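Asks: Take this structure first; my questions come after.
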Amino acid sequence: MNFNLTEEQQMLQDSLRRFLSNEYTFEKRGQIIHSGKGVDETTWRAFADMGLLGFTFPEENDGLGGNAIDTMLVMDSFGRALVVEPYLSTVVLCGGLIRDAGSDSQKAAILPAIAAGEHLMAFAHSEPGSRYNLSQVVTTAEKTGDGYVLNGRKTAVLHGSQANQLIVSARSHGDIADPEGVSLFLVDRNANGLTVRDFATHDGHRTAELTLDNVQLNHDALIGEQEKALPLIEKATDLAIAALCSEAVGAMEALNEATLEYLKTRKQFGVPIGKFQVLQHRMADMFIATEEAKSMAILAASEADSDDREERRRALSMAKALVGQSARKVGQDAVQLHGGMGVTDEMLAAHLFKRLTLINLLFGDADYHLGQVSDQLLAATA
Amino acid sequence: MDLNYTPEQDQFREEVRKFLADNLPDDIRQRVKQRLRPTKEMTQRWQQILFKRGWAASAWPQQFGGPGWDAIEQLIFEEECAVAGAPRQLDFGLRMVAPVIMTFGNEEQKERFLPGILSGEDWWCQGYSEPGAGSDLASLRTTAKHEGDHYVVNGQKTWTTLGQHADWIFCLVRTSSEGKPQQGISFLLIDMKTPGISVRPIIMLDGEHEINEVYFDNVKVPVENLVGEENKGWTYAKFLLGHERTGLANVGQWKALMNRLKELARESRDGQRPLIENVRFRDRLAQLDMELRALELTVLRVLTNESGPGPQASILKIRGTEVGQALFELLMEAMGPDAIAHIPDALDLGYEGPRVGAADAAPAAGDYFNMRKLSIFGGSNEIQRNIIAQMVLGL
Ligand SMILES: Cc1cc2nc3c(=O)[nH]c(=O)nc-3n(C[C@H](O)[C@H](O)[C@H](O)COP(=O)(O)OP(=O)(O)OC[C@H]3O[C@@H](n4cnc5c(N)ncnc54)[C@H](O)[C@@H]3O)c2cc1C
């Protein structure tokens, strides 16, 4: 067992953090969000140049052959700097899906383009009312002579409008929550019958709602095996969860640093407020919660690539639940310890708090994942 | 001991309910039910309606135009208003400065200021906090120099809630630097139109303009606007904070929120089943239902206590704000992924553009963020615990 980063990983992390603290300042981030575009081209280009966009792709597809531990390093740094670009949807979710399940020609067409920073993608799976249940798909895929026709609605499609291409789940068989019968399809952003509604999110990212109205697809739009996509969806979701756990840890560490600094500098009653024992204990608890979250984020990253479904899903649910709980505690307490300053838009702390809050709501909140762990426990003792 | 309401109290509740059904304007009710902020006009219009009925100030005695209700009647009234979707009345005049004026002000001040507060014509804001004086309020530095028939005020107040709408601000100012910091503070009423006052917005983390900085640059305030005695302002300030804190228990509003949560739990889907069948969610709802009941009964016990709330008000402030924050959090989580979208326009009147999920999903996350303020203002919850530890427990 070894928790150390390799020299290469360490170097990458150092240079990424340096880049972000110089180039991706709080002000710059504010401008990117304000522009409403959801992605800053210069920043995205720089990520491509650093190799981040193809990090986890095979070398024959212009990637670096990395794994979820490498994603962890990137996301942790993104969490500190509150990066709003579509790394999660393009590289982790869609890139991961194509890498794991795409045909050779799909890989060749898509992965190098993502790695070069020329192709943005989004994952369209959740539907109104499905909440966090992965097997629920109402959107239909009707088989036709030369392909498929898709109809339905998708919600919470992260960076859906910024993407050139989407991966959409749809059902051609079974009840609405049947684990069998769901397939994944590549759909171009400008496909006929596809409507994309772009929204800002509270943490400066973008999300979209999709309507698919007789969207016609060719046979080669299918990813992986027909009607057998649920395991792929679970795997992609787990990669996303691992990435979000690391991002949350980065954000919590940054939030703790900001709060600690505030406790040392803000004076009331003639002393720095950090002299009050009740605040010291609160800060100590925030620190403990972050360390625990970090341990679970490492677990998540080391399990995310595993093909042992049961074991992987259990670890990922444990991680997401605990990180969600820690993020809530650290976020709320950081705001509280900042007093009035904590609820103002001008403070970094408030933005870290908002991102942490939304991370909990993505791909299953702490309660949902606690439920998953709990159900598994019951199944194992039965 | 009897936890039941008397027949008279039940009848009173019916009367309030009927009044609300007949008089609460539909546009206002809809807005409040969707948890969108009422506009200044709506708050004032509602105050006028209550004023005409003689119910403008539930806590005021009859001699000043109040209905003369006892504590239980006041709570019944507030609860019915909140549950029906009436906008929250503005505390700063009705519950904060008015009791100070009634108790410590002179006859002229009562005649001059109370009617405008009652009718809602005068919008008041609170000028206590300063950048350097938050929890340590007594360290405030805004000065008022007595020069002939007026004071000259210089300094800065901050976090001033809804100061952008205000006609008047009640301020704590330093009139002496002798002795302990508490000893040199005075309580001044200042017309916001006086030359030398400027108001600058502070944008909160939910993107809303709700609080402000207020600057005073050689602002001349007539001496007749001093309440009580010079350098005795700290006593009045603390008296006022007691009133502010009991107001923050907010049981009526939390009940309205609880009703909405129960409705959502029945109506919204968690995959194949209604959300209420999700046992983890239901347990949290049940927990809050229980805590809310405990809060309500505690409020009733504290407020019907003959000797007044005293430091017990801190219990209500802490639990009231904690329960409220937990309700807003659960509401956001009930909305789930529908809560992530930030659609500021959907918070405006008459919005008909695209949304995500239920109409009141739009304010859910923003409200959760915004409501973190509850444990910070009105004396932070840490300060309230210090008060309980020291004043109640004698530690
Ligand atoms: C949304 C909002 C609206 C407001 N509206 C108004 C208004 O209309 N008018 C007005 O005058 N003020 C208003 N306030 C100000 C509010 O009363 C202050 O924010 C509050 O008193 C805390 O002061 P502070 O923000 O300076 O925090 P600080 O006093 O700097 O506190 C920072 C942290 O230290 C803790 N702390 C401080 N001292 C101690 C101690 N002795 N022991 C333990 N912990 C301690 C606090 O609890 C807090 O967690 C508002 C505030 C907010 C957030």
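In the structure tokens, chains take the letters A, B, ... in the order shown, each chain's residues start at 1, and ligands count up from 1 in the order shown.
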Select the residues contacting ligand 1 at a distance of at most 7 Å, based on only C-alpha atoms and all ligand atoms, then format the selection as a PyMOL selection string.

Replies: (chain A and resi 266-269+273+276+278-279+336-341+343) or (chain B and resi 125-129+131-136+158-161+211+373+376-383+386)

Asks: Once you count only C-alpha atoms, what closest atom pair and distance in Å to one decimal does each residue of chain B within 6 Å of chain A have, with rows by chain and rising residue number, as a Markdown table?

Replies:
```
| residue | atom | partner | partner_atom | distance |
| --- | --- | --- | --- | --- |
| B:Asp136 | CA | A:Phe269 | CA | 5.5 |
| B:Ile203 | CA | A:Asp345 | CA | 5.7 |
| B:Met204 | CA | A:Thr344 | CA | 4.2 |
| B:Leu205 | CA | A:Asp345 | CA | 4.3 |
| B:Arg269 | CA | A:Gly129 | CA | 5.0 |
| B:Asp270 | CA | A:Arg131 | CA | 5.7 |
| B:Gly271 | CA | A:Ser130 | CA | 4.3 |
| B:Gly336 | CA | A:Leu361 | CA | 5.9 |
| B:Pro337 | CA | A:Leu361 | CA | 5.9 |
| B:Ile340 | CA | A:Thr201 | CA | 5.4 |
| B:Ala341 | CA | A:Thr201 | CA | 4.3 |
| B:His342 | CA | A:Thr201 | CA | 4.6 |
| B:Ile376 | CA | A:Gly339 | CA | 5.8 |
```

Asks: Leaving out Ala122 of chain A and any residue of its chain fewer than 3 positions from it, which residues lie within 10 Å of it when counting only C-alpha atoms, given as an MDAnalysis selection string?

Replies: chainID A and resid 86:91 93:95 125 157:168 187 189 207:208

Asks: Please build the interface table for segment 30-94 of chain A against segment 107-115 of chain A with a cut-off of 6 Å, listing for each qualifying residue the nearest atom pair and the distance in Å to one decimal; count only C-alpha atoms, order rows by chain and increasing number, and write it as JSON lines.

Replies:
```
{"residue": "A:Leu53", "atom": "CA", "partner": "A:Ala115", "partner_atom": "CA", "distance": 4.5}
{"residue": "A:Gly54", "atom": "CA", "partner": "A:Ala115", "partner_atom": "CA", "distance": 4.2}
{"residue": "A:Asn61", "atom": "CA", "partner": "A:Pro112", "partner_atom": "CA", "distance": 5.4}
{"residue": "A:Asp62", "atom": "CA", "partner": "A:Pro112", "partner_atom": "CA", "distance": 5.3}
```

Asks: State, in Å with one decimal place, the distance from atom CA of Ser169 of chain A to atom CA of Gly66 of chain A.

Replies: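 Pair atom CA of Ser169 of chain A / atom CA of Gly66 of chain A returns 26.6 Å.
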
Asks: Segment 5-21 of chain B: which residues within 9 Å, counting only C-alpha atoms, same-chain residues fewer than 3 positions away excluded, as number ranges by chain?

Replies: B: 2, 24-25, 72-73, 76-77, 80-81, 84, 86

Asks: Nearest to Glu8 of chain A among A:Ile223, A:Ile32, A:Ala141, A:Leu73, with distances taken over only C-alpha atoms: which residue is it?

Replies: A:Leu73

Asks: As a PyMOL selection string, list the residues of segment 35-226 of chain A assigned to strand (DSSP E) by DSSP on the backbone atoms of this structure.

Replies: chain A and resi 121-124+140-144+147-158+165-171+182-188+194-201+206-218+222-223

Asks: Just want the 7 Å neighbourhood of segment 176-192 of chain B, counted on only C-alpha atoms, with same-chain residues fewer than 6 positions away dropped. Output as a compact mmCIF listing (two decimals) with N, CA and C atoms, in the first residue's frame.

Replies:
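Contents of the output file around_10.txt:
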```txt
# COMPACT_ATOMS: atom_id res chain seq x y z
N ALA B 138 -20.51 46.92 20.65
CA ALA B 138 -20.19 48.10 21.45
C ALA B 138 -18.93 48.81 20.98
N SER B 139 -18.16 48.16 20.08
CA SER B 139 -16.95 48.83 19.60
C SER B 139 -17.25 49.77 18.43
N ALA B 166 -35.31 52.53 2.32
CA ALA B 166 -35.69 53.13 3.60
C ALA B 166 -35.90 54.64 3.56
N ASP B 167 -36.89 55.08 4.36
CA ASP B 167 -37.09 56.50 4.61
C ASP B 167 -36.34 56.93 5.86
N TRP B 168 -36.22 55.99 6.82
CA TRP B 168 -35.58 56.30 8.09
C TRP B 168 -34.63 55.18 8.50
N ILE B 169 -33.61 55.56 9.24
CA ILE B 169 -32.70 54.55 9.81
C ILE B 169 -32.55 54.86 11.30
N PHE B 170 -32.65 53.82 12.14
CA PHE B 170 -32.31 54.05 13.55
C PHE B 170 -30.88 53.57 13.77
N VAL B 221 -28.26 65.94 12.10
CA VAL B 221 -29.48 65.34 12.64
C VAL B 221 -29.99 66.20 13.80
N ASN B 225 -34.20 64.22 17.49
CA ASN B 225 -34.24 62.83 17.01
C ASN B 225 -33.46 61.88 17.90
N LEU B 226 -32.94 62.37 18.99
CA LEU B 226 -32.28 61.49 19.96
C LEU B 226 -33.36 60.80 20.79
N VAL B 227 -33.27 59.49 20.92
CA VAL B 227 -34.23 58.78 21.77
C VAL B 227 -33.64 58.64 23.16
N GLU B 230 -28.75 60.91 26.10
CA GLU B 230 -27.47 60.74 25.44
C GLU B 230 -26.63 59.76 26.26
N ASN B 231 -25.87 58.93 25.56
CA ASN B 231 -24.97 57.93 26.18
C ASN B 231 -25.70 56.78 26.89
N LYS B 232 -27.00 56.71 26.73
CA LYS B 232 -27.74 55.58 27.32
C LYS B 232 -28.22 54.61 26.23
N GLY B 233 -27.74 54.81 25.02
CA GLY B 233 -28.26 54.05 23.87
C GLY B 233 -28.07 52.55 24.00
N TRP B 234 -27.06 52.11 24.71
CA TRP B 234 -26.77 50.68 24.81
C TRP B 234 -27.93 49.94 25.49
```

Asks: Excluding same-chain residues fewer than 5 positions from segment 313-326 of chain A, what lies within 9 Å of it counting only C-alpha atoms, as an NGL selection string?

Replies: :A and (234-235 or 238-239 or 241-242 or 244-245 or 248-249 or 252 or 286 or 289-290 or 292-301 or 303-304 or 308 or 331 or 356-357 or 359-361 or 363-373 or 376)

Asks: What does the distance from atom CA of Met258 of chain B to atom CA of Arg37 of chain B come to in Å, to one decimal?

Replies: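 Computed distance, atom CA of Met258 of chain B to atom CA of Arg37 of chain B, equals 18.4 Å.
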
Asks: Run DSSP on the backbone and give me the residues of segment 314-349 of chain B it puts in alpha helix (DSSP H), as a ChimeraX atom specification.

Replies: /B:314-335

Asks: Next, write the just-selected residues to a file, as a compact mmCIF listing (two decimals), in the first residue's frame, keeping N, CA, C and O atoms as the atom set.

Replies:
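The new file out_22.txt reads:
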```txt
# COMPACT_ATOMS: atom_id res chain seq x y z
N SER B 314 -32.79 33.89 23.62
CA SER B 314 -31.69 33.28 22.85
C SER B 314 -32.01 31.86 22.42
O SER B 314 -31.58 31.41 21.37
N ILE B 315 -32.77 31.14 23.25
CA ILE B 315 -33.17 29.78 22.86
C ILE B 315 -34.00 29.84 21.58
O ILE B 315 -33.80 29.07 20.65
N LEU B 316 -34.94 30.78 21.58
CA LEU B 316 -35.82 30.89 20.42
C LEU B 316 -35.04 31.30 19.18
O LEU B 316 -35.29 30.80 18.08
N LYS B 317 -34.11 32.21 19.35
CA LYS B 317 -33.30 32.65 18.20
C LYS B 317 -32.51 31.47 17.64
O LYS B 317 -32.51 31.22 16.44
N ILE B 318 -31.86 30.73 18.50
CA ILE B 318 -31.03 29.62 18.02
C ILE B 318 -31.88 28.54 17.36
O ILE B 318 -31.65 28.15 16.22
N ARG B 319 -32.89 28.08 18.08
CA ARG B 319 -33.67 26.96 17.52
C ARG B 319 -34.52 27.40 16.34
O ARG B 319 -34.67 26.66 15.37
N GLY B 320 -35.07 28.60 16.42
CA GLY B 320 -35.87 29.10 15.29
C GLY B 320 -35.05 29.15 14.01
O GLY B 320 -35.49 28.71 12.95
N THR B 321 -33.83 29.66 14.11
CA THR B 321 -33.02 29.79 12.90
C THR B 321 -32.49 28.43 12.44
O THR B 321 -32.40 28.16 11.25
N GLU B 322 -32.17 27.57 13.39
CA GLU B 322 -31.67 26.25 12.98
C GLU B 322 -32.76 25.43 12.28
O GLU B 322 -32.50 24.77 11.27
N VAL B 323 -33.95 25.46 12.84
CA VAL B 323 -35.06 24.72 12.21
C VAL B 323 -35.35 25.29 10.83
O VAL B 323 -35.51 24.56 9.85
N GLY B 324 -35.36 26.62 10.74
CA GLY B 324 -35.61 27.27 9.44
C GLY B 324 -34.56 26.87 8.41
O GLY B 324 -34.88 26.50 7.29
N GLN B 325 -33.30 26.92 8.80
CA GLN B 325 -32.24 26.56 7.86
C GLN B 325 -32.37 25.11 7.41
O GLN B 325 -32.17 24.79 6.24
N ALA B 326 -32.71 24.23 8.35
CA ALA B 326 -32.84 22.82 7.99
C ALA B 326 -34.02 22.61 7.03
O ALA B 326 -33.95 21.78 6.13
N LEU B 327 -35.09 23.38 7.22
CA LEU B 327 -36.24 23.27 6.31
C LEU B 327 -35.86 23.70 4.90
O LEU B 327 -36.20 23.04 3.92
N PHE B 328 -35.15 24.81 4.79
CA PHE B 328 -34.74 25.26 3.47
C PHE B 328 -33.78 24.27 2.81
O PHE B 328 -33.80 24.06 1.60
N GLU B 329 -32.96 23.65 3.63
CA GLU B 329 -32.02 22.67 3.09
C GLU B 329 -32.77 21.45 2.56
O GLU B 329 -32.50 20.97 1.45
N LEU B 330 -33.73 20.98 3.34
CA LEU B 330 -34.48 19.80 2.91
C LEU B 330 -35.31 20.11 1.66
O LEU B 330 -35.44 19.27 0.77
N LEU B 331 -35.83 21.32 1.62
CA LEU B 331 -36.60 21.72 0.44
C LEU B 331 -35.73 21.68 -0.81
O LEU B 331 -36.13 21.16 -1.86
N MET B 332 -34.52 22.19 -0.69
CA MET B 332 -33.59 22.15 -1.83
C MET B 332 -33.29 20.70 -2.21
O MET B 332 -33.28 20.35 -3.39
N GLU B 333 -33.06 19.86 -1.21
CA GLU B 333 -32.74 18.47 -1.52
C GLU B 333 -33.94 17.73 -2.09
O GLU B 333 -33.79 16.80 -2.88
N ALA B 334 -35.14 18.14 -1.68
CA ALA B 334 -36.34 17.54 -2.26
C ALA B 334 -36.42 17.87 -3.75
O ALA B 334 -36.82 17.05 -4.56
N MET B 335 -36.03 19.08 -4.10
CA MET B 335 -36.02 19.46 -5.52
C MET B 335 -34.93 18.69 -6.25
O MET B 335 -35.00 18.47 -7.46
```

Asks: Grab the atom CA of Asp217 of chain B to atom CA of Leu240 of chain B distance for me, in Å with one decimal place.

Replies: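 According to the coordinates, atom CA of Asp217 of chain B and atom CA of Leu240 of chain B are separated by 26.3 Å.
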
Asks: Quick one: residues within 12 Å of segment 222-224 of chain B, only C-alpha atoms counted, chain neighbours fewer than 2 positions away excluded, as a ChimeraX atom specification?

Replies: /B:105-110,112,144-153,186-191,194,219-220,226-230
